[in-house]
$ cat protein-v8.csv   # CSV, C-alpha atoms
chain,number,residue,atom,x,y,z
H,1,MET,CA,-3.3,-16.3,-36.4
H,2,THR,CA,-6.7,-17.1,-34.9
H,3,ARG,CA,-6.0,-17.2,-31.2
H,4,ALA,CA,-6.8,-13.6,-30.1
H,5,PRO,CA,-7.5,-12.3,-27.5
H,6,TYR,CA,-4.2,-13.4,-26.1
H,7,LEU,CA,-4.7,-12.3,-22.5
H,8,SER,CA,-5.5,-15.2,-20.2
H,9,THR,CA,-8.9,-15.4,-18.7
H,10,ARG,CA,-7.4,-14.9,-15.3
H,11,LEU,CA,-6.3,-11.4,-16.2
H,12,GLN,CA,-9.4,-10.4,-18.3
H,13,GLY,CA,-10.5,-7.0,-17.0
H,14,PHE,CA,-7.0,-6.0,-15.8
H,15,GLY,CA,-6.0,-3.5,-18.5
H,16,THR,CA,-4.0,-0.4,-18.4
H,17,THR,CA,-4.3,1.1,-14.9
H,18,VAL,CA,-6.1,4.4,-14.3
H,19,PHE,CA,-2.8,5.7,-12.9
H,20,ALA,CA,-1.3,5.6,-16.4
H,21,GLU,CA,-4.4,7.5,-17.8
H,22,MET,CA,-4.3,10.2,-15.2
H,23,SER,CA,-0.5,10.6,-15.4
H,24,ALA,CA,-0.8,11.1,-19.2
H,25,LEU,CA,-3.6,13.7,-18.6
H,26,ALA,CA,-1.3,15.5,-16.2
H,27,LEU,CA,1.5,15.6,-18.7
H,28,ALA,CA,-0.8,16.6,-21.6
H,29,THR,CA,-2.4,19.5,-19.7
H,30,GLY,CA,0.4,20.7,-17.5
H,31,SER,CA,-1.6,19.8,-14.4
H,32,VAL,CA,-0.3,19.3,-10.9
H,33,ASN,CA,-0.2,15.5,-10.4
H,34,LEU,CA,-1.7,14.5,-7.1
H,35,GLY,CA,-2.7,11.1,-8.5
H,36,GLN,CA,0.0,8.5,-8.2
H,37,GLY,CA,1.5,8.2,-4.7
H,38,PHE,CA,5.2,8.9,-5.0
H,39,PRO,CA,7.2,11.6,-3.3
H,40,ASP,CA,8.9,14.3,-5.4
H,41,ARG,CA,12.0,14.9,-3.2
H,42,PRO,CA,15.1,12.8,-2.5
H,43,GLY,CA,15.5,10.5,0.4
H,44,PRO,CA,18.0,11.0,3.2
H,45,ALA,CA,21.6,11.5,2.3
H,46,ALA,CA,22.6,8.7,4.7
H,47,VAL,CA,20.7,6.3,2.5
H,48,LEU,CA,21.5,7.7,-0.9
H,49,ASP,CA,25.3,7.9,-0.2
H,50,VAL,CA,25.5,4.2,0.6
H,51,ALA,CA,23.8,3.3,-2.7
H,52,ARG,CA,26.2,5.6,-4.6
H,53,ALA,CA,29.2,4.1,-2.9
H,54,ALA,CA,28.0,0.5,-3.7
H,55,ILE,CA,27.7,1.1,-7.4
H,56,GLY,CA,30.8,-0.1,-9.2
H,57,THR,CA,31.6,-2.7,-6.5
H,58,PRO,CA,30.6,-6.4,-6.3
H,59,TYR,CA,27.1,-5.2,-5.1
H,60,ASP,CA,26.4,-4.7,-8.8
H,61,GLN,CA,26.2,-8.4,-9.3
H,62,TYR,CA,23.5,-10.9,-8.2
H,63,PRO,CA,22.8,-10.7,-4.5
H,64,PRO,CA,22.2,-13.9,-2.6
H,65,GLY,CA,18.7,-15.3,-3.4
H,66,PRO,CA,17.2,-14.4,0.0
H,67,GLY,CA,18.9,-11.0,-0.1
H,68,HIS,CA,22.1,-9.6,1.2
H,69,PRO,CA,22.7,-10.7,4.8
H,70,GLU,CA,23.2,-7.2,6.0
H,71,LEU,CA,19.8,-6.1,4.8
H,72,ARG,CA,18.1,-9.2,6.2
H,73,GLU,CA,19.8,-8.5,9.6
H,74,ALA,CA,18.7,-4.9,9.4
H,75,VAL,CA,15.1,-5.9,8.7
H,76,ALA,CA,15.1,-8.3,11.7
H,77,GLU,CA,16.5,-5.6,13.9
H,78,HIS,CA,13.9,-3.1,12.6
H,79,GLN,CA,11.1,-5.5,13.4
H,80,GLN,CA,12.4,-6.1,16.9
H,81,ARG,CA,12.9,-2.4,17.5
H,82,PHE,CA,9.5,-1.1,16.3
H,83,SER,CA,7.1,-4.1,16.9
H,84,GLY,CA,8.9,-6.3,19.3
H,85,LEU,CA,8.7,-9.2,16.8
H,86,ALA,CA,11.8,-11.5,16.7
H,87,TYR,CA,12.7,-13.0,13.3
H,88,ASP,CA,15.8,-15.0,12.4
H,89,PRO,CA,17.4,-13.1,9.5
H,90,ALA,CA,18.8,-16.4,8.1
H,91,ASP,CA,15.5,-18.0,7.3
H,92,GLU,CA,12.6,-15.9,8.5
H,93,VAL,CA,13.4,-12.8,6.4
H,94,LEU,CA,13.3,-12.7,2.6
H,95,VAL,CA,14.2,-9.6,0.4
H,96,THR,CA,12.0,-9.0,-2.6
H,97,ALA,CA,11.6,-6.6,-5.5
H,98,GLY,CA,9.4,-4.3,-3.6
H,99,ALA,CA,6.3,-5.1,-1.5
H,100,THR,CA,4.3,-5.8,-4.6
H,101,GLU,CA,6.4,-8.8,-5.5
H,102,ALA,CA,6.4,-10.0,-1.9
H,103,LEU,CA,2.6,-10.0,-1.8
H,104,THR,CA,2.3,-11.6,-5.3
H,105,ALA,CA,4.9,-14.3,-4.5
H,106,ALA,CA,3.1,-15.1,-1.3
H,107,LEU,CA,-0.3,-15.5,-3.0
H,108,LEU,CA,1.2,-17.6,-5.8
H,109,ALA,CA,3.0,-19.8,-3.2
H,110,LEU,CA,0.1,-20.3,-0.8
H,111,LEU,CA,-3.1,-20.4,-2.9
H,112,GLU,CA,-4.6,-23.3,-4.8
H,113,PRO,CA,-7.1,-22.6,-7.6
H,114,GLY,CA,-10.4,-21.7,-6.0
H,115,ASP,CA,-9.0,-20.7,-2.6
H,116,GLU,CA,-10.7,-17.6,-1.3
H,117,VAL,CA,-8.9,-14.5,0.0
H,118,VAL,CA,-10.7,-12.3,2.5
H,119,LEU,CA,-9.7,-8.6,2.4
H,120,PHE,CA,-11.0,-5.1,2.9
H,121,GLU,CA,-12.1,-2.8,0.1
H,122,PRO,CA,-11.2,-0.2,-1.2
H,123,MET,CA,-8.0,-2.1,-1.8
H,124,TYR,CA,-4.7,-1.4,-3.5
H,125,ASP,CA,-5.1,-2.3,-7.1
H,126,SER,CA,-2.4,-5.0,-7.3
H,127,TYR,CA,-4.2,-7.2,-4.8
H,128,ALA,CA,-7.0,-8.3,-7.2
H,129,ALA,CA,-4.6,-9.0,-10.0
H,130,ALA,CA,-2.3,-11.0,-7.8
H,131,VAL,CA,-5.1,-13.1,-6.4
H,132,ALA,CA,-6.3,-13.7,-10.0
H,133,MET,CA,-2.9,-14.8,-11.2
H,134,ALA,CA,-2.8,-17.3,-8.3
H,135,GLY,CA,-6.2,-18.7,-9.3
H,136,GLY,CA,-7.8,-17.4,-6.1
H,137,VAL,CA,-11.1,-15.8,-5.5
H,138,LEU,CA,-11.7,-12.4,-3.8
H,139,ARG,CA,-14.0,-12.1,-0.9
H,140,PRO,CA,-14.0,-8.3,-0.2
H,141,VAL,CA,-15.4,-6.7,3.0
H,142,PRO,CA,-16.3,-3.0,2.8
H,143,LEU,CA,-14.7,-0.3,4.8
H,144,ARG,CA,-17.1,2.6,5.1
H,145,PRO,CA,-16.3,6.3,5.7
H,146,PRO,CA,-17.7,7.8,8.9
H,147,PRO,CA,-21.1,9.4,8.7
H,148,GLY,CA,-20.7,13.2,8.2
H,149,GLY,CA,-17.0,12.7,7.5
H,150,THR,CA,-16.0,12.8,11.2
H,151,GLY,CA,-14.1,9.9,12.6
H,152,ALA,CA,-12.4,6.9,11.1
H,153,TRP,CA,-13.3,4.4,8.4
H,154,SER,CA,-14.8,1.3,9.9
H,155,PHE,CA,-16.0,-2.2,9.1
H,156,ASP,CA,-18.9,-4.4,10.2
H,157,PRO,CA,-17.6,-7.5,12.1
H,158,ASP,CA,-20.6,-9.4,11.0
H,159,GLU,CA,-19.8,-8.7,7.3
H,160,LEU,CA,-16.2,-9.8,7.9
H,161,THR,CA,-17.4,-13.1,9.5
H,162,ALA,CA,-19.9,-13.7,6.7
H,163,ALA,CA,-17.1,-13.3,4.1
H,164,VAL,CA,-15.3,-16.4,5.5
H,165,SER,CA,-16.6,-19.5,3.8
H,166,PRO,CA,-15.2,-23.1,3.9
H,167,ARG,CA,-13.1,-22.2,0.9
H,168,ALA,CA,-11.3,-19.3,2.6
H,169,LYS,CA,-7.6,-19.9,2.8
H,170,LEU,CA,-6.0,-16.5,3.5
H,171,LEU,CA,-6.8,-13.1,5.0
H,172,LEU,CA,-5.0,-10.1,3.4
H,173,LEU,CA,-4.8,-7.0,5.6
H,174,ASN,CA,-3.4,-3.6,4.7
H,175,THR,CA,-2.7,-1.3,7.6
H,176,PRO,CA,-2.0,1.6,7.5
H,177,HIS,CA,-4.5,1.4,4.7
H,178,ASN,CA,-4.2,2.6,1.1
H,179,PRO,CA,-6.3,4.4,-0.2
H,180,THR,CA,-8.3,5.5,2.8
H,181,GLY,CA,-5.4,6.4,5.2
H,182,LYS,CA,-7.1,4.3,7.9
H,183,VAL,CA,-5.0,2.7,10.7
H,184,PHE,CA,-6.7,-0.3,12.2
H,185,THR,CA,-7.0,-0.1,16.0
H,186,ARG,CA,-6.0,-2.7,18.4
H,187,ALA,CA,-9.6,-3.6,19.0
H,188,GLU,CA,-10.3,-4.0,15.3
H,189,LEU,CA,-7.1,-6.1,14.9
H,190,ALA,CA,-8.3,-8.3,17.8
H,191,ILE,CA,-11.5,-9.0,15.8
H,192,VAL,CA,-9.5,-9.9,12.7
H,193,ALA,CA,-7.1,-12.1,14.7
H,194,ASP,CA,-9.9,-14.0,16.5
H,195,LEU,CA,-11.5,-14.7,13.1
H,196,ALA,CA,-8.2,-15.8,11.5
H,197,ILE,CA,-7.5,-18.2,14.4
H,198,GLY,CA,-11.1,-19.5,14.5
H,199,ALA,CA,-11.2,-20.2,10.8
H,200,ASP,CA,-7.6,-21.3,10.6
H,201,LEU,CA,-6.7,-18.7,8.0
H,202,LEU,CA,-3.2,-17.8,6.9
H,203,VAL,CA,-2.6,-14.0,7.1
H,204,LEU,CA,-0.7,-11.7,4.8
H,205,THR,CA,-0.2,-8.1,6.1
H,206,ASP,CA,0.9,-5.2,3.9
H,207,GLU,CA,2.5,-2.6,6.2
H,208,VAL,CA,4.5,-0.4,3.8
H,209,TYR,CA,3.1,2.8,5.4
H,210,GLU,CA,4.1,1.6,8.9
H,211,HIS,CA,6.2,4.8,9.6
H,212,LEU,CA,3.8,7.3,8.0
H,213,VAL,CA,1.3,7.4,10.9
H,214,PHE,CA,0.0,10.7,12.3
H,215,THR,CA,-0.9,12.1,15.7
H,216,GLY,CA,-3.5,10.2,17.5
H,217,ALA,CA,-3.0,6.9,15.6
H,218,GLU,CA,-0.8,3.9,16.4
H,219,HIS,CA,0.4,1.3,13.9
H,220,VAL,CA,0.2,-2.2,15.4
H,221,SER,CA,1.3,-5.2,13.4
H,222,LEU,CA,-1.3,-8.0,13.4
H,223,ALA,CA,1.5,-10.5,13.9
H,224,THR,CA,2.1,-9.2,17.4
H,225,LEU,CA,-1.3,-10.3,18.7
H,226,PRO,CA,-1.5,-13.6,20.5
H,227,GLY,CA,-1.5,-16.7,18.3
H,228,MET,CA,-0.8,-14.6,15.1
H,229,ARG,CA,2.9,-14.7,14.5
H,230,GLU,CA,2.9,-18.4,13.5
H,231,ARG,CA,0.3,-17.8,10.8
H,232,THR,CA,1.3,-14.4,9.5
H,233,LEU,CA,3.6,-13.1,6.8
H,234,VAL,CA,4.5,-9.4,7.4
H,235,VAL,CA,5.4,-7.4,4.2
H,236,SER,CA,7.0,-4.0,4.0
H,237,SER,CA,9.5,-2.0,2.0
H,238,GLY,CA,11.9,0.9,2.0
H,239,GLY,CA,10.2,2.9,-0.8
H,240,LYS,CA,7.8,4.9,1.3
H,241,THR,CA,10.0,5.3,4.3
H,242,PHE,CA,13.1,6.6,2.5
H,243,ASN,CA,11.5,8.3,-0.6
H,244,THR,CA,13.0,5.6,-2.9
H,245,THR,CA,9.9,4.1,-4.5
H,246,GLY,CA,11.9,3.3,-7.7
H,247,TRP,CA,14.4,1.2,-6.0
H,248,LYS,CA,11.9,-1.6,-5.3
H,249,ILE,CA,13.4,-3.1,-2.2
H,250,GLY,CA,10.9,-4.9,-0.1
H,251,TRP,CA,10.8,-7.8,2.3
H,252,VAL,CA,8.6,-10.4,3.9
H,253,CYS,CA,9.0,-11.7,7.5
H,254,GLY,CA,7.4,-14.8,9.0
H,255,PRO,CA,7.8,-18.3,10.3
H,256,VAL,CA,10.2,-20.6,8.3
H,257,PRO,CA,7.6,-22.7,6.5
H,258,LEU,CA,5.7,-19.7,5.2
H,259,VAL,CA,8.8,-17.7,4.2
H,260,SER,CA,10.3,-20.8,2.5
H,261,ALA,CA,7.1,-21.2,0.5
H,262,VAL,CA,7.3,-17.6,-0.6
H,263,ARG,CA,11.0,-17.9,-1.5
H,264,THR,CA,10.1,-20.9,-3.8
H,265,ALA,CA,7.7,-18.7,-5.9
H,266,LYS,CA,9.9,-15.5,-5.7
H,267,GLN,CA,13.0,-17.1,-7.1
H,268,PHE,CA,11.2,-17.7,-10.4
H,269,LEU,CA,9.9,-14.2,-10.6
H,270,THR,CA,12.7,-11.7,-10.3
H,271,TYR,CA,15.1,-14.1,-8.5
H,272,VAL,CA,17.0,-11.1,-7.1
H,273,SER,CA,17.0,-7.3,-7.6
H,274,GLY,CA,18.6,-4.0,-6.5
H,275,GLY,CA,22.0,-5.2,-5.4
H,276,PRO,CA,23.5,-1.7,-4.7
H,277,PHE,CA,20.3,-0.5,-3.1
H,278,GLN,CA,20.1,-3.3,-0.5
H,279,PRO,CA,23.0,-2.0,1.8
H,280,ALA,CA,21.5,1.5,1.4
H,281,ILE,CA,18.1,0.4,2.7
H,282,ALA,CA,19.9,-1.5,5.5
H,283,ALA,CA,21.5,1.8,6.5
H,284,GLY,CA,18.2,3.5,6.4
H,285,LEU,CA,16.5,1.0,8.7
H,286,ARG,CA,19.2,1.7,11.3
H,287,LEU,CA,18.6,5.4,11.3
H,288,PRO,CA,17.8,6.9,14.7
H,289,ASP,CA,14.2,7.2,15.9
H,290,ALA,CA,14.3,11.0,15.2
H,291,TYR,CA,14.4,10.3,11.5
H,292,PHE,CA,11.2,8.2,11.5
H,293,ALA,CA,9.4,10.6,13.8
H,294,GLY,CA,10.4,13.6,11.7
H,295,LEU,CA,9.2,11.8,8.5
H,296,ALA,CA,5.7,11.3,9.9
H,297,ALA,CA,5.5,14.8,11.3
H,298,ASP,CA,6.6,16.4,8.0
H,299,LEU,CA,4.0,14.3,6.1
H,300,GLU,CA,1.3,15.1,8.6
H,301,ARG,CA,1.9,18.8,8.0
H,302,ARG,CA,1.6,18.3,4.2
H,303,ARG,CA,-1.7,16.4,4.9
H,304,ASP,CA,-3.1,19.3,6.8
H,305,VAL,CA,-2.2,21.7,3.9
H,306,LEU,CA,-4.0,19.6,1.4
H,307,VAL,CA,-7.0,18.7,3.6
H,308,SER,CA,-7.6,22.4,4.4
H,309,GLY,CA,-7.4,23.3,0.7
H,310,LEU,CA,-9.8,20.6,-0.3
H,311,ALA,CA,-12.3,21.7,2.3
H,312,ARG,CA,-12.1,25.3,1.0
H,313,ALA,CA,-12.7,23.9,-2.5
H,314,GLY,CA,-16.0,22.4,-1.3
H,315,LEU,CA,-14.7,18.8,-1.2
H,316,PRO,CA,-15.4,17.1,2.2
H,317,VAL,CA,-12.4,15.1,3.4
H,318,VAL,CA,-12.1,12.2,5.8
H,319,SER,CA,-8.8,13.3,7.3
H,320,PRO,CA,-6.4,10.3,7.0
H,321,GLU,CA,-4.6,8.9,10.0
H,322,ALA,CA,-1.6,7.7,7.9
H,323,THR,CA,-0.2,7.2,4.4
H,324,TYR,CA,0.1,9.6,1.5
H,325,PHE,CA,-3.6,10.0,0.6
H,326,ALA,CA,-6.8,12.0,1.4
H,327,THR,CA,-10.2,10.8,0.1
H,328,VAL,CA,-12.9,13.2,-0.8
H,329,ASP,CA,-16.6,12.9,-1.7
H,330,VAL,CA,-17.1,14.7,-5.0
H,331,ARG,CA,-20.9,15.0,-4.9
H,332,PRO,CA,-21.0,18.6,-3.6
H,333,VAL,CA,-19.2,19.7,-6.9
H,334,GLN,CA,-20.2,16.7,-9.1
H,335,PRO,CA,-24.0,16.4,-8.8
H,336,ASP,CA,-24.1,13.0,-10.5
H,337,GLY,CA,-21.5,11.7,-8.1
H,338,ASP,CA,-19.3,10.2,-10.8
H,339,GLY,CA,-15.8,10.3,-9.5
H,340,LEU,CA,-14.2,9.0,-12.7
H,341,ALA,CA,-15.9,11.7,-14.7
H,342,PHE,CA,-14.7,14.2,-12.1
H,343,CYS,CA,-11.1,13.1,-12.4
H,344,ARG,CA,-11.2,13.1,-16.2
H,345,SER,CA,-12.5,16.7,-16.2
H,346,LEU,CA,-10.5,18.1,-13.3
H,347,PRO,CA,-7.3,18.8,-15.3
H,348,ALA,CA,-9.3,21.1,-17.6
H,349,ARG,CA,-11.3,22.6,-14.8
H,350,ALA,CA,-8.6,23.2,-12.3
H,351,GLY,CA,-5.2,21.9,-13.6
H,352,VAL,CA,-5.0,19.2,-11.0
H,353,VAL,CA,-5.0,15.4,-11.3
H,354,ALA,CA,-6.4,12.9,-8.8
H,355,VAL,CA,-7.5,9.3,-8.9
H,356,PRO,CA,-11.0,7.9,-8.8
H,357,SER,CA,-11.4,5.6,-5.8
H,358,VAL,CA,-13.8,3.3,-7.8
H,359,VAL,CA,-10.7,1.6,-9.2
H,360,PHE,CA,-9.9,0.3,-5.7
H,361,TYR,CA,-13.2,-1.7,-5.4
H,362,ASP,CA,-14.3,-5.0,-6.8
H,363,PRO,CA,-16.3,-4.3,-9.9
H,364,ALA,CA,-19.4,-5.9,-8.3
H,365,HIS,CA,-19.2,-3.2,-5.5
H,366,ALA,CA,-18.3,-0.2,-7.7
H,367,ALA,CA,-21.3,1.8,-6.4
H,368,LEU,CA,-19.6,1.9,-2.9
H,369,GLY,CA,-16.7,4.0,-4.3
H,370,ARG,CA,-18.3,5.7,-7.3
H,371,HIS,CA,-18.4,9.2,-5.6
H,372,LEU,CA,-15.0,9.0,-3.9
H,373,VAL,CA,-11.7,10.4,-5.2
H,374,ARG,CA,-8.1,10.1,-3.8
H,375,PHE,CA,-5.6,12.9,-3.7
H,376,ALA,CA,-1.9,12.4,-2.8
H,377,PHE,CA,-0.2,14.9,-0.5
H,378,CYS,CA,3.4,13.4,-0.5
H,379,LYS,CA,4.6,16.4,-2.6
H,380,GLN,CA,6.8,19.5,-2.1
H,381,ASP,CA,5.3,22.5,-0.4
H,382,GLU,CA,5.2,24.6,-3.5
H,383,VAL,CA,3.5,21.8,-5.5
H,384,LEU,CA,0.8,21.4,-2.8
H,385,ALA,CA,0.4,25.2,-2.5
H,386,GLU,CA,-0.2,25.4,-6.3
H,387,ALA,CA,-2.6,22.5,-6.3
H,388,VAL,CA,-4.6,24.0,-3.4
H,389,ASP,CA,-4.7,27.4,-5.1
H,390,ARG,CA,-6.0,25.9,-8.3
H,391,LEU,CA,-8.7,23.8,-6.5
H,392,VAL,CA,-9.9,26.8,-4.5
H,393,ARG,CA,-10.1,29.0,-7.6
H,394,MET,CA,-12.2,26.2,-9.2
H,395,ALA,CA,-14.6,26.4,-6.3

$ encode --input "protein-v8.csv" --output "structure tokens"
Amino acid sequence: MTRAPYLSTRLQGFGTTVFAEMSALALATGSVNLGQGFPDRPGPAAVLDVARAAIGTPYDQYPPGPGHPELREAVAEHQQRFSGLAYDPADEVLVTAGATEALTAALLALLEPGDEVVLFEPMYDSYAAAVAMAGGVLRPVPLRPPPGGTGAWSFDPDELTAAVSPRAKLLLLNTPHNPTGKVFTRAELAIVADLAIGADLLVLTDEVYEHLVFTGAEHVSLATLPGMRERTLVVSSGGKTFNTTGWKIGWVCGPVPLVSAVRTAKQFLTYVSGGPFQPAIAAGLRLPDAYFAGLAADLERRRDVLVSGLARAGLPVVSPEATYFATVDVRPVQPDGDGLAFCRSLPARAGVVAVPSVVFYDPAHAALGRHLVRFAFCKQDEVLAEAVDRLVRMA
């Protein structure tokens, strides 16, 4: 055998994720794991009971390729209800194995080798790998934390415009944004929309945190802006909204030609998934408004607990407007500003695990995120209280 290394050149540099390293550290040291973003409490009984009832029935078998009709109908109703967007469940909604597959299938379907993808960084770590698998080229635009930590993360419109070259094919937008917790404002979305229309870009939006938005912020889907529905694929999932991240039930909505293209790629990835979970997520999407409002309010309270604790531990926080995550600047307690070193030492120093934000940046721009670290607050009260106590004692 003389062919090693076996990993294709497209995926060189995409090794084991830092999430695996940090989770292993948490297990080995008995630390409180505030690294990976998953909730540690069950979802609503109205959703879980439907899944339990579906097991042992024909739902155990292959669903239809596009997804069970009842889920596609529920997704279309949900989009109309919360964003005013009308989609035909027959051919403008596609069920996927989580949002990650929806995003990956869209990139595989729409990109030719060498096509450029404009997106903001820091970015969810699967984006770069999916673009690479599709043969595309990243053109990241930095989001910058507010000076002094007060206010929201922002971008420079001129830098965004400069990132769009003649090879640009697609713009990928994540709002509410992981890992920063930023919610793009209507004014910011208008800038993005004008650029996409002017440069004739396709748009892919990741909106999985759409219901985890806190007081003072408003989630707006880019597809609702004038001229955007016909060029935009909207991706979301049930995992974050119903505390069912392991079910991997996602979807993509958009105009028929774009959804058809994604379906072509998706059918050769997982083909279908999660039969008994699909009617359960359909039931969840039809829960009353009070459920979604209560979900956001409860998570906002947990955010405040962690943000307050981090501040007492000497770690300045840009208080997130949405999502599961709070970002801190470690330089006050890590003089060399090395967030990765901070995270690797934190289990021994405080018995807490976090994730270095540098992994969410393009390697060429690692310096932008070297001093930043992400903590997750989607945990039970006693877990957050213990983590805060340990961090304050460290300080």

$ residues_near_point --input "protein-v8.csv" --point "(23.7, -2.3, -4.1)" --cutoff "8 Å" --atoms "only C-alpha atoms" --output "ChimeraX atom specification"
/H:51,54-55,59-60,274-280

$ residues_around --input "protein-v8.csv" --residues "Pro226 (chain H)" --least-positions-apart "3" --cutoff "10 Å" --atoms "all atoms listed in the file" --output "PyMOL selection string"
chain H and resi 190+193-194+197+222-223+229-230

$ write_last_selection --input "protein-v8.csv" --atoms "C-alpha atoms" --output "tab-separated table (two decimals), keeping the file's coordinate frame"
chain	number	residue	atom	x	y	z
H	190	ALA	CA	-8.30	-8.30	17.80
H	193	ALA	CA	-7.10	-12.10	14.70
H	194	ASP	CA	-9.90	-14.00	16.50
H	197	ILE	CA	-7.50	-18.20	14.40
H	222	LEU	CA	-1.30	-8.00	13.40
H	223	ALA	CA	1.50	-10.50	13.90
H	229	ARG	CA	2.90	-14.70	14.50
H	230	GLU	CA	2.90	-18.40	13.50

$ closest_residue --input "protein-v8.csv" --among "H:Lys266, H:Arg349, H:Arg374, H:Arg303" --to "Val330 (chain H)" --atoms "all atoms listed in the file"
H:Arg374

$ residues_near_point --input "protein-v8.csv" --point "(2.8, 21.3, -6.2)" --cutoff "12 Å" --atoms "only C-alpha atoms" --output "number ranges by chain"
H: 30-35, 39-41, 302, 305-306, 351-353, 376-391

$ closest_residue --input "protein-v8.csv" --among "H:Ala283, H:Leu295, H:Ala348, H:Ala265" --to "Ala46 (chain H)" --atoms "only C-alpha atoms"
H:Ala283

$ atom_distance --input "protein-v8.csv" --atom1 "CA of Tyr209 (chain H)" --atom2 "CA of Lys240 (chain H)"
6.6 Å

$ closest_residue --input "protein-v8.csv" --among "H:Val256, H:Pro122, H:Tyr324, H:Leu172" --to "His365 (chain H)" --atoms "only C-alpha atoms"
H:Pro122

$ atom_distance --input "protein-v8.csv" --atom1 "CA of Phe82 (chain H)" --atom2 "CA of Arg286 (chain H)"
11.3 Å

$ closest_residue --input "protein-v8.csv" --among "H:Ala341, H:Val272, H:Gln79, H:Leu346" --to "Tyr62 (chain H)" --atoms "all atoms listed in the file"
H:Val272

$ atom_distance --input "protein-v8.csv" --atom1 "CA of Pro166 (chain H)" --atom2 "CA of Leu119 (chain H)"
15.6 Å

$ closest_residue --input "protein-v8.csv" --among "H:Val235, H:Ala261, H:Met394, H:Ala129" --to "Ile249 (chain H)" --atoms "only C-alpha atoms"
H:Val235

$ residues_around --input "protein-v8.csv" --residues "Pro356 (chain H)" --least-positions-apart "3" --cutoff "10 Å" --atoms "only C-alpha atoms" --output "VMD selection string"
chain H and resid 18 to 19 22 35 327 to 328 330 338 to 344 353 359 to 360 369 to 375

$ closest_residue --input "protein-v8.csv" --among "H:Val213, H:Val234, H:Ala293, H:Ala45" --to "Ala322 (chain H)" --atoms "only C-alpha atoms"
H:Val213

$ residues_around --input "protein-v8.csv" --residues "region 167-171 of chain H" --least-positions-apart "2" --cutoff "9 Å" --atoms "all atoms listed in the file" --output "ChimeraX atom specification"
/H:107,110-112,114-119,137,139,163-165,173,192,196,199-205

$ write_last_selection --input "protein-v8.csv" --atoms "C-alpha atoms" --output "PDB file, in the frame of the given file"
ATOM      1  CA  LEU H 107      -0.300 -15.500  -3.000  1.00  0.00           C
ATOM      2  CA  LEU H 110       0.100 -20.300  -0.800  1.00  0.00           C
ATOM      3  CA  LEU H 111      -3.100 -20.400  -2.900  1.00  0.00           C
ATOM      4  CA  GLU H 112      -4.600 -23.300  -4.800  1.00  0.00           C
ATOM      5  CA  GLY H 114     -10.400 -21.700  -6.000  1.00  0.00           C
ATOM      6  CA  ASP H 115      -9.000 -20.700  -2.600  1.00  0.00           C
ATOM      7  CA  GLU H 116     -10.700 -17.600  -1.300  1.00  0.00           C
ATOM      8  CA  VAL H 117      -8.900 -14.500   0.000  1.00  0.00           C
ATOM      9  CA  VAL H 118     -10.700 -12.300   2.500  1.00  0.00           C
ATOM     10  CA  LEU H 119      -9.700  -8.600   2.400  1.00  0.00           C
ATOM     11  CA  VAL H 137     -11.100 -15.800  -5.500  1.00  0.00           C
ATOM     12  CA  ARG H 139     -14.000 -12.100  -0.900  1.00  0.00           C
ATOM     13  CA  ALA H 163     -17.100 -13.300   4.100  1.00  0.00           C
ATOM     14  CA  VAL H 164     -15.300 -16.400   5.500  1.00  0.00           C
ATOM     15  CA  SER H 165     -16.600 -19.500   3.800  1.00  0.00           C
ATOM     16  CA  LEU H 173      -4.800  -7.000   5.600  1.00  0.00           C
ATOM     17  CA  VAL H 192      -9.500  -9.900  12.700  1.00  0.00           C
ATOM     18  CA  ALA H 196      -8.200 -15.800  11.500  1.00  0.00           C
ATOM     19  CA  ALA H 199     -11.200 -20.200  10.800  1.00  0.00           C
ATOM     20  CA  ASP H 200      -7.600 -21.300  10.600  1.00  0.00           C
ATOM     21  CA  LEU H 201      -6.700 -18.700   8.000  1.00  0.00           C
ATOM     22  CA  LEU H 202      -3.200 -17.800   6.900  1.00  0.00           C
ATOM     23  CA  VAL H 203      -2.600 -14.000   7.100  1.00  0.00           C
ATOM     24  CA  LEU H 204      -0.700 -11.700   4.800  1.00  0.00           C
ATOM     25  CA  THR H 205      -0.200  -8.100   6.100  1.00  0.00           C
TER      26      THR H 205
END

$ residues_around --input "protein-v8.csv" --residues "Asp91 (chain H)" --least-positions-apart "2" --cutoff "8 Å" --atoms "all atoms listed in the file" --output "number ranges by chain"
H: 88-89, 93-94, 256, 259-260

$ decode --input "protein-v8.csv" --residues "region 274-279 of chain H" --atoms "N, CA and C atoms" --output "mmCIF file, in the first residue's frame"
data_model
loop_
_atom_site.group_PDB
_atom_site.id
_atom_site.type_symbol
_atom_site.label_atom_id
_atom_site.label_comp_id
_atom_site.auth_asym_id
_atom_site.auth_seq_id
_atom_site.Cartn_x
_atom_site.Cartn_y
_atom_site.Cartn_z
ATOM 1 N N GLY H 274 -35.242 9.418 9.913
ATOM 2 C CA GLY H 274 -36.082 9.804 11.039
ATOM 3 C C GLY H 274 -37.564 9.632 10.847
ATOM 4 N N GLY H 275 -38.006 8.506 10.289
ATOM 5 C CA GLY H 275 -39.431 8.316 10.021
ATOM 6 C C GLY H 275 -40.343 8.630 11.190
ATOM 7 N N PRO H 276 -40.164 8.007 12.366
ATOM 8 C CA PRO H 276 -41.081 8.266 13.480
ATOM 9 C C PRO H 276 -40.957 9.674 14.069
ATOM 10 N N PHE H 277 -39.842 10.346 13.779
ATOM 11 C CA PHE H 277 -39.657 11.682 14.328
ATOM 12 C C PHE H 277 -40.336 12.757 13.487
ATOM 13 N N GLN H 278 -40.614 12.447 12.230
ATOM 14 C CA GLN H 278 -41.188 13.472 11.362
ATOM 15 C C GLN H 278 -42.588 13.901 11.795
ATOM 16 N N PRO H 279 -43.506 12.985 12.124
ATOM 17 C CA PRO H 279 -44.815 13.465 12.605
ATOM 18 C C PRO H 279 -44.703 14.187 13.947
#
